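**Q** Okay, so here is coords18.pdb, and as you'll see once you scroll down, it has PDB, C-alpha atoms, pLDDT in the B column.
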```pdb
ATOM      1  CA  MET R   1     -32.958 -30.633   7.493  1.00 58.00           C
ATOM      2  CA  SER R   2     -31.415 -33.174   9.818  1.00 83.00           C
ATOM      3  CA  PRO R   3     -28.203 -33.002  11.826  1.00 94.00           C
ATOM      4  CA  THR R   4     -24.982 -34.231  10.234  1.00 97.00           C
ATOM      5  CA  LEU R   5     -22.045 -35.639  12.143  1.00 97.00           C
ATOM      6  CA  LEU R   6     -18.591 -34.780  10.818  1.00 97.00           C
ATOM      7  CA  GLN R   7     -15.474 -36.549  11.990  1.00 95.00           C
ATOM      8  CA  PHE R   8     -11.916 -35.352  11.437  1.00 95.00           C
ATOM      9  CA  ASP R   9      -8.814 -37.367  12.321  1.00 93.00           C
ATOM     10  CA  PHE R  10      -5.218 -36.672  11.311  1.00 95.00           C
ATOM     11  CA  PRO R  11      -1.580 -37.243  12.314  1.00 95.00           C
ATOM     12  CA  TYR R  12      -0.559 -34.762  14.985  1.00 95.00           C
ATOM     13  CA  ASP R  13       2.694 -34.464  16.949  1.00 94.00           C
ATOM     14  CA  GLY R  14       1.370 -32.326  19.746  1.00 92.00           C
ATOM     15  CA  PRO R  15       1.138 -30.388  21.933  1.00 95.00           C
ATOM     16  CA  PHE R  16      -1.348 -32.506  23.891  1.00 96.00           C
ATOM     17  CA  GLY R  17      -3.397 -31.851  27.007  1.00 95.00           C
ATOM     18  CA  ALA R  18      -3.069 -28.485  28.722  1.00 95.00           C
ATOM     19  CA  ALA R  19      -0.503 -27.258  26.191  1.00 96.00           C
ATOM     20  CA  MET R  20      -2.923 -28.151  23.380  1.00 96.00           C
ATOM     21  CA  THR R  21      -5.631 -26.183  25.148  1.00 96.00           C
ATOM     22  CA  ALA R  22      -3.376 -23.130  25.305  1.00 96.00           C
ATOM     23  CA  ALA R  23      -2.295 -23.496  21.664  1.00 95.00           C
ATOM     24  CA  PHE R  24      -5.817 -23.707  20.256  1.00 96.00           C
ATOM     25  CA  ASP R  25      -7.892 -21.509  22.545  1.00 97.00           C
ATOM     26  CA  GLY R  26      -8.236 -18.868  19.838  1.00 97.00           C
ATOM     27  CA  LEU R  27      -9.085 -21.391  17.143  1.00 96.00           C
ATOM     28  CA  ALA R  28     -11.707 -22.953  19.408  1.00 97.00           C
ATOM     29  CA  ARG R  29     -13.391 -19.569  19.871  1.00 97.00           C
ATOM     30  CA  ASP R  30     -13.389 -19.072  16.103  1.00 97.00           C
ATOM     31  CA  ILE R  31     -14.845 -22.533  15.490  1.00 97.00           C
ATOM     32  CA  ALA R  32     -17.513 -21.954  18.157  1.00 98.00           C
ATOM     33  CA  ALA R  33     -18.863 -19.137  15.961  1.00 97.00           C
ATOM     34  CA  GLU R  34     -18.975 -21.313  12.823  1.00 97.00           C
ATOM     35  CA  ASP R  35     -22.274 -21.060  10.982  1.00 96.00           C
ATOM     36  CA  GLY R  36     -24.405 -24.139  11.554  1.00 97.00           C
ATOM     37  CA  LEU R  37     -22.195 -25.709  14.228  1.00 98.00           C
ATOM     38  CA  ILE R  38     -24.127 -27.222  17.128  1.00 97.00           C
ATOM     39  CA  TRP R  39     -21.066 -28.550  18.969  1.00 98.00           C
ATOM     40  CA  LYS R  40     -17.551 -29.917  18.560  1.00 98.00           C
ATOM     41  CA  ILE R  41     -15.708 -32.415  20.746  1.00 97.00           C
ATOM     42  CA  TRP R  42     -11.915 -32.030  20.510  1.00 97.00           C
ATOM     43  CA  THR R  43     -10.069 -35.345  20.387  1.00 96.00           C
ATOM     44  CA  GLU R  44      -6.433 -36.188  20.983  1.00 96.00           C
ATOM     45  CA  ASN R  45      -4.438 -39.399  21.212  1.00 94.00           C
ATOM     46  CA  ALA R  46      -0.881 -38.910  22.466  1.00 94.00           C
ATOM     47  CA  GLU R  47      -0.116 -42.611  22.031  1.00 93.00           C
ATOM     48  CA  THR R  48      -0.975 -42.903  18.333  1.00 93.00           C
ATOM     49  CA  ARG R  49      -0.045 -39.237  17.684  1.00 95.00           C
ATOM     50  CA  ARG R  50      -3.407 -38.305  16.221  1.00 94.00           C
ATOM     51  CA  ALA R  51      -5.916 -35.557  16.855  1.00 94.00           C
ATOM     52  CA  GLY R  52      -9.160 -34.342  15.405  1.00 95.00           C
ATOM     53  CA  GLY R  53     -12.717 -33.730  16.351  1.00 97.00           C
ATOM     54  CA  VAL R  54     -16.298 -34.868  16.194  1.00 97.00           C
ATOM     55  CA  TYR R  55     -18.748 -32.187  15.135  1.00 98.00           C
ATOM     56  CA  LEU R  56     -22.508 -31.964  15.001  1.00 97.00           C
ATOM     57  CA  PHE R  57     -23.828 -29.596  12.315  1.00 98.00           C
ATOM     58  CA  ARG R  58     -27.419 -28.561  11.764  1.00 97.00           C
ATOM     59  CA  ASP R  59     -27.413 -29.954   8.198  1.00 96.00           C
ATOM     60  CA  ALA R  60     -25.258 -31.549   5.498  1.00 96.00           C
ATOM     61  CA  GLU R  61     -24.593 -28.229   3.742  1.00 97.00           C
ATOM     62  CA  ALA R  62     -23.068 -26.621   6.829  1.00 97.00           C
ATOM     63  CA  ALA R  63     -20.983 -29.756   7.466  1.00 97.00           C
ATOM     64  CA  GLU R  64     -19.637 -29.805   3.909  1.00 97.00           C
ATOM     65  CA  ARG R  65     -18.839 -26.074   3.972  1.00 97.00           C
ATOM     66  CA  TYR R  66     -16.864 -26.538   7.185  1.00 98.00           C
ATOM     67  CA  ARG R  67     -15.178 -29.732   5.957  1.00 97.00           C
ATOM     68  CA  ALA R  68     -13.703 -27.891   2.966  1.00 97.00           C
ATOM     69  CA  LYS R  69     -12.685 -24.890   5.095  1.00 97.00           C
ATOM     70  CA  HIS R  70     -11.070 -26.944   7.863  1.00 96.00           C
ATOM     71  CA  ALA R  71      -9.267 -29.306   5.452  1.00 96.00           C
ATOM     72  CA  ALA R  72      -7.740 -26.269   3.735  1.00 96.00           C
ATOM     73  CA  ARG R  73      -6.755 -24.757   7.100  1.00 94.00           C
ATOM     74  CA  LEU R  74      -5.098 -28.003   8.235  1.00 94.00           C
ATOM     75  CA  ALA R  75      -3.277 -28.315   4.911  1.00 95.00           C
ATOM     76  CA  ALA R  76      -2.017 -24.756   5.366  1.00 95.00           C
ATOM     77  CA  PHE R  77      -0.656 -25.864   8.775  1.00 90.00           C
ATOM     78  CA  GLY R  78       1.246 -28.624   6.899  1.00 93.00           C
ATOM     79  CA  VAL R  79      -1.060 -31.451   8.006  1.00 94.00           C
ATOM     80  CA  THR R  80      -1.305 -34.401   5.613  1.00 94.00           C
ATOM     81  CA  GLY R  81      -3.181 -37.682   5.820  1.00 96.00           C
ATOM     82  CA  ILE R  82      -6.433 -36.023   6.843  1.00 96.00           C
ATOM     83  CA  VAL R  83      -9.407 -38.330   7.277  1.00 92.00           C
ATOM     84  CA  ALA R  84     -12.808 -36.627   7.177  1.00 94.00           C
ATOM     85  CA  HIS R  85     -16.132 -38.460   7.113  1.00 92.00           C
ATOM     86  CA  ALA R  86     -19.675 -37.102   7.177  1.00 94.00           C
ATOM     87  CA  PHE R  87     -22.578 -39.179   8.425  1.00 95.00           C
ATOM     88  CA  ASP R  88     -26.305 -38.892   8.812  1.00 96.00           C
ATOM     89  CA  VAL R  89     -27.486 -39.414  12.349  1.00 97.00           C
ATOM     90  CA  ASN R  90     -30.118 -42.026  13.127  1.00 96.00           C
ATOM     91  CA  GLY R  91     -32.187 -39.988  15.563  1.00 96.00           C
ATOM     92  CA  PRO R  92     -34.466 -42.638  17.118  1.00 96.00           C
ATOM     93  CA  LEU R  93     -31.630 -45.110  17.798  1.00 97.00           C
ATOM     94  CA  SER R  94     -29.473 -42.282  19.147  1.00 97.00           C
ATOM     95  CA  ALA R  95     -32.303 -41.208  21.453  1.00 97.00           C
ATOM     96  CA  ILE R  96     -32.378 -44.710  22.967  1.00 97.00           C
ATOM     97  CA  THR R  97     -28.665 -44.404  23.778  1.00 97.00           C
ATOM     98  CA  ARG R  98     -29.012 -40.903  25.318  1.00 96.00           C
ATOM     99  CA  ALA R  99     -27.259 -39.033  22.472  1.00 96.00           C
ATOM    100  CA  PRO R 100     -26.970 -35.252  22.934  1.00 93.00           C
ATOM    101  CA  LEU R 101     -28.425 -34.105  19.596  1.00 90.00           C
TER     102      LEU R 101
ATOM    103  CA  MET D   1     -10.678 -40.821  35.173  1.00 58.00           C
ATOM    104  CA  SER D   2     -11.554 -38.743  32.143  1.00 83.00           C
ATOM    105  CA  PRO D   3     -14.072 -39.421  29.384  1.00 94.00           C
ATOM    106  CA  THR D   4     -12.953 -41.368  26.314  1.00 97.00           C
ATOM    107  CA  LEU D   5     -14.446 -41.004  22.880  1.00 97.00           C
ATOM    108  CA  LEU D   6     -14.740 -44.178  20.822  1.00 97.00           C
ATOM    109  CA  GLN D   7     -15.522 -44.131  17.126  1.00 95.00           C
ATOM    110  CA  PHE D   8     -16.642 -47.107  15.057  1.00 95.00           C
ATOM    111  CA  ASP D   9     -17.031 -47.065  11.282  1.00 93.00           C
ATOM    112  CA  PHE D  10     -17.522 -50.033   8.943  1.00 95.00           C
ATOM    113  CA  PRO D  11     -18.940 -51.074   5.569  1.00 95.00           C
ATOM    114  CA  TYR D  12     -22.696 -51.565   5.810  1.00 94.00           C
ATOM    115  CA  ASP D  13     -25.266 -52.346   3.113  1.00 94.00           C
ATOM    116  CA  GLY D  14     -28.325 -51.292   5.025  1.00 91.00           C
ATOM    117  CA  PRO D  15     -31.068 -51.052   6.012  1.00 95.00           C
ATOM    118  CA  PHE D  16     -30.854 -47.287   6.492  1.00 96.00           C
ATOM    119  CA  GLY D  17     -33.166 -44.743   8.087  1.00 95.00           C
ATOM    120  CA  ALA D  18     -36.457 -45.957   9.542  1.00 95.00           C
ATOM    121  CA  ALA D  19     -35.748 -49.573   8.567  1.00 96.00           C
ATOM    122  CA  MET D  20     -32.407 -49.346  10.379  1.00 96.00           C
ATOM    123  CA  THR D  21     -34.198 -48.026  13.440  1.00 96.00           C
ATOM    124  CA  ALA D  22     -36.562 -51.009  13.407  1.00 96.00           C
ATOM    125  CA  ALA D  23     -33.734 -53.505  12.845  1.00 95.00           C
ATOM    126  CA  PHE D  24     -31.592 -52.275  15.731  1.00 96.00           C
ATOM    127  CA  ASP D  25     -34.073 -51.126  18.344  1.00 97.00           C
ATOM    128  CA  GLY D  26     -33.255 -54.126  20.557  1.00 97.00           C
ATOM    129  CA  LEU D  27     -29.523 -53.719  20.140  1.00 96.00           C
ATOM    130  CA  ALA D  28     -29.802 -50.017  20.997  1.00 97.00           C
ATOM    131  CA  ARG D  29     -31.582 -50.870  24.271  1.00 97.00           C
ATOM    132  CA  ASP D  30     -28.854 -53.368  25.081  1.00 97.00           C
ATOM    133  CA  ILE D  31     -26.103 -50.850  24.309  1.00 97.00           C
ATOM    134  CA  ALA D  32     -27.871 -48.194  26.407  1.00 98.00           C
ATOM    135  CA  ALA D  33     -27.307 -50.442  29.431  1.00 97.00           C
ATOM    136  CA  GLU D  34     -23.583 -50.893  28.688  1.00 97.00           C
ATOM    137  CA  ASP D  35     -21.416 -50.340  31.743  1.00 96.00           C
ATOM    138  CA  GLY D  36     -19.653 -46.989  31.571  1.00 97.00           C
ATOM    139  CA  LEU D  37     -21.491 -45.686  28.501  1.00 98.00           C
ATOM    140  CA  ILE D  38     -22.484 -42.029  28.753  1.00 97.00           C
ATOM    141  CA  TRP D  39     -24.009 -41.817  25.274  1.00 97.00           C
ATOM    142  CA  LYS D  40     -23.843 -43.144  21.716  1.00 98.00           C
ATOM    143  CA  ILE D  41     -24.693 -41.372  18.469  1.00 97.00           C
ATOM    144  CA  TRP D  42     -25.692 -43.793  15.705  1.00 97.00           C
ATOM    145  CA  THR D  43     -24.261 -42.884  12.307  1.00 97.00           C
ATOM    146  CA  GLU D  44     -25.218 -43.997   8.819  1.00 96.00           C
ATOM    147  CA  ASN D  45     -24.142 -43.023   5.319  1.00 94.00           C
ATOM    148  CA  ALA D  46     -26.330 -44.510   2.583  1.00 94.00           C
ATOM    149  CA  GLU D  47     -24.164 -42.959  -0.125  1.00 93.00           C
ATOM    150  CA  THR D  48     -20.828 -44.461   0.914  1.00 93.00           C
ATOM    151  CA  ARG D  49     -22.543 -47.560   2.414  1.00 95.00           C
ATOM    152  CA  ARG D  50     -21.022 -47.147   5.845  1.00 94.00           C
ATOM    153  CA  ALA D  51     -22.386 -47.070   9.358  1.00 94.00           C
ATOM    154  CA  GLY D  52     -21.054 -46.881  12.875  1.00 95.00           C
ATOM    155  CA  GLY D  53     -21.240 -44.771  15.935  1.00 97.00           C
ATOM    156  CA  VAL D  54     -19.588 -42.234  18.156  1.00 97.00           C
ATOM    157  CA  TYR D  55     -19.566 -43.119  21.839  1.00 98.00           C
ATOM    158  CA  LEU D  56     -18.613 -41.306  24.996  1.00 97.00           C
ATOM    159  CA  PHE D  57     -17.432 -43.573  27.816  1.00 98.00           C
ATOM    160  CA  ARG D  58     -16.638 -42.560  31.365  1.00 97.00           C
ATOM    161  CA  ASP D  59     -13.034 -43.816  31.057  1.00 96.00           C
ATOM    162  CA  ALA D  60     -10.547 -45.603  28.797  1.00 96.00           C
ATOM    163  CA  GLU D  61     -11.133 -48.987  30.451  1.00 97.00           C
ATOM    164  CA  ALA D  62     -14.875 -48.977  29.729  1.00 97.00           C
ATOM    165  CA  ALA D  63     -14.205 -47.859  26.140  1.00 97.00           C
ATOM    166  CA  GLU D  64     -11.680 -50.640  25.548  1.00 97.00           C
ATOM    167  CA  ARG D  65     -13.965 -53.276  27.067  1.00 97.00           C
ATOM    168  CA  TYR D  66     -16.794 -52.198  24.768  1.00 98.00           C
ATOM    169  CA  ARG D  67     -14.489 -51.920  21.722  1.00 97.00           C
ATOM    170  CA  ALA D  68     -13.488 -55.565  22.053  1.00 97.00           C
ATOM    171  CA  LYS D  69     -17.078 -56.690  22.683  1.00 97.00           C
ATOM    172  CA  HIS D  70     -18.586 -54.711  19.803  1.00 96.00           C
ATOM    173  CA  ALA D  71     -15.833 -55.676  17.333  1.00 96.00           C
ATOM    174  CA  ALA D  72     -16.500 -59.339  18.129  1.00 96.00           C
ATOM    175  CA  ARG D  73     -20.262 -58.830  17.732  1.00 94.00           C
ATOM    176  CA  LEU D  74     -19.819 -57.095  14.364  1.00 94.00           C
ATOM    177  CA  ALA D  75     -17.457 -59.839  13.190  1.00 95.00           C
ATOM    178  CA  ALA D  76     -20.078 -62.416  14.189  1.00 95.00           C
ATOM    179  CA  PHE D  77     -22.538 -60.498  11.962  1.00 90.00           C
ATOM    180  CA  GLY D  78     -20.032 -60.960   9.108  1.00 93.00           C
ATOM    181  CA  VAL D  79     -18.784 -57.364   9.143  1.00 94.00           C
ATOM    182  CA  THR D  80     -15.208 -56.862   7.952  1.00 94.00           C
ATOM    183  CA  GLY D  81     -13.109 -53.728   7.501  1.00 96.00           C
ATOM    184  CA  ILE D  82     -13.996 -52.384  10.939  1.00 95.00           C
ATOM    185  CA  VAL D  83     -12.335 -49.100  11.900  1.00 91.00           C
ATOM    186  CA  ALA D  84     -12.312 -48.340  15.635  1.00 94.00           C
ATOM    187  CA  HIS D  85     -10.415 -45.464  17.229  1.00 92.00           C
ATOM    188  CA  ALA D  86     -10.302 -44.315  20.843  1.00 94.00           C
ATOM    189  CA  PHE D  87      -9.424 -40.757  21.772  1.00 95.00           C
ATOM    190  CA  ASP D  88      -8.929 -38.692  24.863  1.00 96.00           C
ATOM    191  CA  VAL D  89     -11.169 -35.645  24.993  1.00 97.00           C
ATOM    192  CA  ASN D  90      -9.680 -32.189  25.446  1.00 96.00           C
ATOM    193  CA  GLY D  91     -12.211 -30.876  27.941  1.00 96.00           C
ATOM    194  CA  PRO D  92     -11.441 -27.141  27.994  1.00 96.00           C
ATOM    195  CA  LEU D  93     -11.357 -26.779  24.192  1.00 97.00           C
ATOM    196  CA  SER D  94     -14.528 -28.869  23.930  1.00 97.00           C
ATOM    197  CA  ALA D  95     -16.221 -26.628  26.489  1.00 97.00           C
ATOM    198  CA  ILE D  96     -15.511 -23.590  24.286  1.00 97.00           C
ATOM    199  CA  THR D  97     -17.268 -25.334  21.394  1.00 97.00           C
ATOM    200  CA  ARG D  98     -20.313 -26.345  23.487  1.00 96.00           C
ATOM    201  CA  ALA D  99     -19.518 -30.086  23.584  1.00 96.00           C
ATOM    202  CA  PRO D 100     -22.007 -32.256  25.495  1.00 93.00           C
ATOM    203  CA  LEU D 101     -19.607 -34.090  27.805  1.00 90.00           C
TER     204      LEU D 101
END
```
Render the structure in this file as structure tokens.

**A**
Amino acid sequence: MSPTLLQFDFPYDGPFGAAMTAAFDGLARDIAAEDGLIWKIWTENAETRRAGGVYLFRDAEAAERYRAKHAARLAAFGVTGIVAHAFDVNGPLSAITRAPL
Amino acid sequence: MSPTLLQFDFPYDGPFGAAMTAAFDGLARDIAAEDGLIWKIWTENAETRRAGGVYLFRDAEAAERYRAKHAARLAAFGVTGIVAHAFDVNGPLSAITRAPL
């Protein structure tokens, strides 16, 4: 059982910044309780109109379960063009570069 | 000055796992000393034959400087099809989901 990194990225027209925080506070609290989630970093790019997140899950199964759930949730919001990639983490190399695993 | 997340992803035929660790130990020590780098997580996906990393930089300028440097280094290694995205981090939402910023 090794940690799995999951990355989501999709077209997003806003809101960004503080308004994004207000819009997704409830969703963030729901995601924080997700089974197997270690952490999520919320990403936004107002210039390229994209948003997403980088997640660390305790294992590949938890990452895949969330990937399917979140992709369906985004699709229900009308989001298309979703990019989602899962990766194994190389622990020793990440330790050298101070990764928070 | 707010942290910037940088994500690299590219086709990669290996080595993976412990052999990848051995191959890139020196590079990891060099990257650890990169100006403005807070941390890097090293990613690998033996199934889809991709590798890359997720980086947190102290600001957009440091991230862009490294993006150009690393893209040139990968190209010199013969890597093509490089995907590199920079994102702002939504701090308050990330705090709710325990992000290590």

**Q** Give as a PyMOL selection string every residue of chain R that touches chain D within 8 Å, counting all atoms listed in the file.

**A** chain R and resi 5+17+21+24-25+28-29+31-32+38-45+51+86-94+96-100

**Q** In Å, with one decimal, what is the gap from atom CA of R:Glu61 to atom CA of R:Phe77?

**A** 24.6 Å

**Q** Go ahead and compute the interatomic distance for atom CA of D:Gly14 and atom CA of R:Arg67, in Å to one decimal.

**A**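 These atoms are spaced 25.3 Å apart.
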
**Q** Can you show chain R as a tab-separated table (two decimals) with C-alpha atoms, keeping the file's coordinate frame once it has been least-squares superposed onto chain D, using every C-alpha atom paired in order?

**A**
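Listing of part.tsv after writing:
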```tsv
chain	number	residue	atom	x	y	z
R	1	MET	CA	-10.67	-40.80	35.19
R	2	SER	CA	-11.54	-38.75	32.14
R	3	PRO	CA	-14.06	-39.43	29.39
R	4	THR	CA	-12.94	-41.37	26.32
R	5	LEU	CA	-14.45	-41.01	22.88
R	6	LEU	CA	-14.75	-44.18	20.81
R	7	GLN	CA	-15.52	-44.12	17.12
R	8	PHE	CA	-16.64	-47.10	15.05
R	9	ASP	CA	-17.04	-47.06	11.27
R	10	PHE	CA	-17.53	-50.03	8.95
R	11	PRO	CA	-18.95	-51.08	5.57
R	12	TYR	CA	-22.70	-51.56	5.82
R	13	ASP	CA	-25.26	-52.36	3.11
R	14	GLY	CA	-28.32	-51.30	5.02
R	15	PRO	CA	-31.06	-51.06	6.03
R	16	PHE	CA	-30.84	-47.29	6.50
R	17	GLY	CA	-33.16	-44.74	8.07
R	18	ALA	CA	-36.45	-45.94	9.53
R	19	ALA	CA	-35.75	-49.56	8.56
R	20	MET	CA	-32.40	-49.35	10.37
R	21	THR	CA	-34.19	-48.02	13.44
R	22	ALA	CA	-36.55	-51.00	13.39
R	23	ALA	CA	-33.72	-53.49	12.84
R	24	PHE	CA	-31.58	-52.27	15.73
R	25	ASP	CA	-34.08	-51.13	18.34
R	26	GLY	CA	-33.27	-54.11	20.55
R	27	LEU	CA	-29.52	-53.71	20.13
R	28	ALA	CA	-29.81	-50.02	20.99
R	29	ARG	CA	-31.59	-50.87	24.25
R	30	ASP	CA	-28.85	-53.37	25.08
R	31	ILE	CA	-26.11	-50.85	24.31
R	32	ALA	CA	-27.87	-48.19	26.40
R	33	ALA	CA	-27.30	-50.44	29.43
R	34	GLU	CA	-23.58	-50.90	28.70
R	35	ASP	CA	-21.41	-50.33	31.74
R	36	GLY	CA	-19.64	-46.99	31.57
R	37	LEU	CA	-21.49	-45.68	28.50
R	38	ILE	CA	-22.49	-42.02	28.75
R	39	TRP	CA	-24.02	-41.81	25.27
R	40	LYS	CA	-23.84	-43.14	21.72
R	41	ILE	CA	-24.70	-41.36	18.47
R	42	TRP	CA	-25.69	-43.80	15.70
R	43	THR	CA	-24.26	-42.88	12.31
R	44	GLU	CA	-25.21	-44.00	8.83
R	45	ASN	CA	-24.15	-43.02	5.32
R	46	ALA	CA	-26.33	-44.52	2.59
R	47	GLU	CA	-24.16	-42.96	-0.12
R	48	THR	CA	-20.83	-44.48	0.92
R	49	ARG	CA	-22.55	-47.57	2.41
R	50	ARG	CA	-21.03	-47.16	5.85
R	51	ALA	CA	-22.39	-47.08	9.37
R	52	GLY	CA	-21.06	-46.89	12.88
R	53	GLY	CA	-21.24	-44.77	15.94
R	54	VAL	CA	-19.58	-42.23	18.16
R	55	TYR	CA	-19.57	-43.13	21.84
R	56	LEU	CA	-18.62	-41.29	24.99
R	57	PHE	CA	-17.43	-43.57	27.81
R	58	ARG	CA	-16.63	-42.56	31.36
R	59	ASP	CA	-13.03	-43.81	31.05
R	60	ALA	CA	-10.55	-45.60	28.78
R	61	GLU	CA	-11.13	-48.99	30.44
R	62	ALA	CA	-14.86	-48.98	29.72
R	63	ALA	CA	-14.19	-47.86	26.13
R	64	GLU	CA	-11.67	-50.64	25.54
R	65	ARG	CA	-13.96	-53.28	27.07
R	66	TYR	CA	-16.78	-52.20	24.76
R	67	ARG	CA	-14.49	-51.91	21.72
R	68	ALA	CA	-13.48	-55.57	22.05
R	69	LYS	CA	-17.07	-56.69	22.68
R	70	HIS	CA	-18.58	-54.71	19.80
R	71	ALA	CA	-15.83	-55.68	17.32
R	72	ALA	CA	-16.50	-59.34	18.12
R	73	ARG	CA	-20.26	-58.82	17.74
R	74	LEU	CA	-19.83	-57.11	14.36
R	75	ALA	CA	-17.47	-59.85	13.19
R	76	ALA	CA	-20.09	-62.41	14.20
R	77	PHE	CA	-22.56	-60.50	11.98
R	78	GLY	CA	-20.04	-60.97	9.11
R	79	VAL	CA	-18.80	-57.36	9.15
R	80	THR	CA	-15.22	-56.85	7.96
R	81	GLY	CA	-13.12	-53.74	7.51
R	82	ILE	CA	-14.00	-52.37	10.94
R	83	VAL	CA	-12.33	-49.11	11.90
R	84	ALA	CA	-12.31	-48.34	15.63
R	85	HIS	CA	-10.41	-45.47	17.22
R	86	ALA	CA	-10.30	-44.32	20.84
R	87	PHE	CA	-9.42	-40.76	21.77
R	88	ASP	CA	-8.93	-38.68	24.86
R	89	VAL	CA	-11.17	-35.65	24.99
R	90	ASN	CA	-9.70	-32.19	25.46
R	91	GLY	CA	-12.22	-30.87	27.96
R	92	PRO	CA	-11.44	-27.13	28.01
R	93	LEU	CA	-11.36	-26.78	24.20
R	94	SER	CA	-14.53	-28.87	23.94
R	95	ALA	CA	-16.23	-26.63	26.50
R	96	ILE	CA	-15.51	-23.60	24.30
R	97	THR	CA	-17.28	-25.33	21.39
R	98	ARG	CA	-20.33	-26.34	23.49
R	99	ALA	CA	-19.52	-30.09	23.59
R	100	PRO	CA	-22.02	-32.25	25.50
R	101	LEU	CA	-19.61	-34.10	27.81
```

**Q** Give me, please, the distance in Å between atom CA of R:Ile82 and atom CA of R:Ala68, quoted to one decimal.

**A** 11.6 Å

**Q** Return the single residue from D:Ala19, D:Ala72, D:Val83, D:Ala60 that is closest to D:Ser2, with distances computed using all atoms listed in the file.

**A**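 Closest candidate: D:Ala60.
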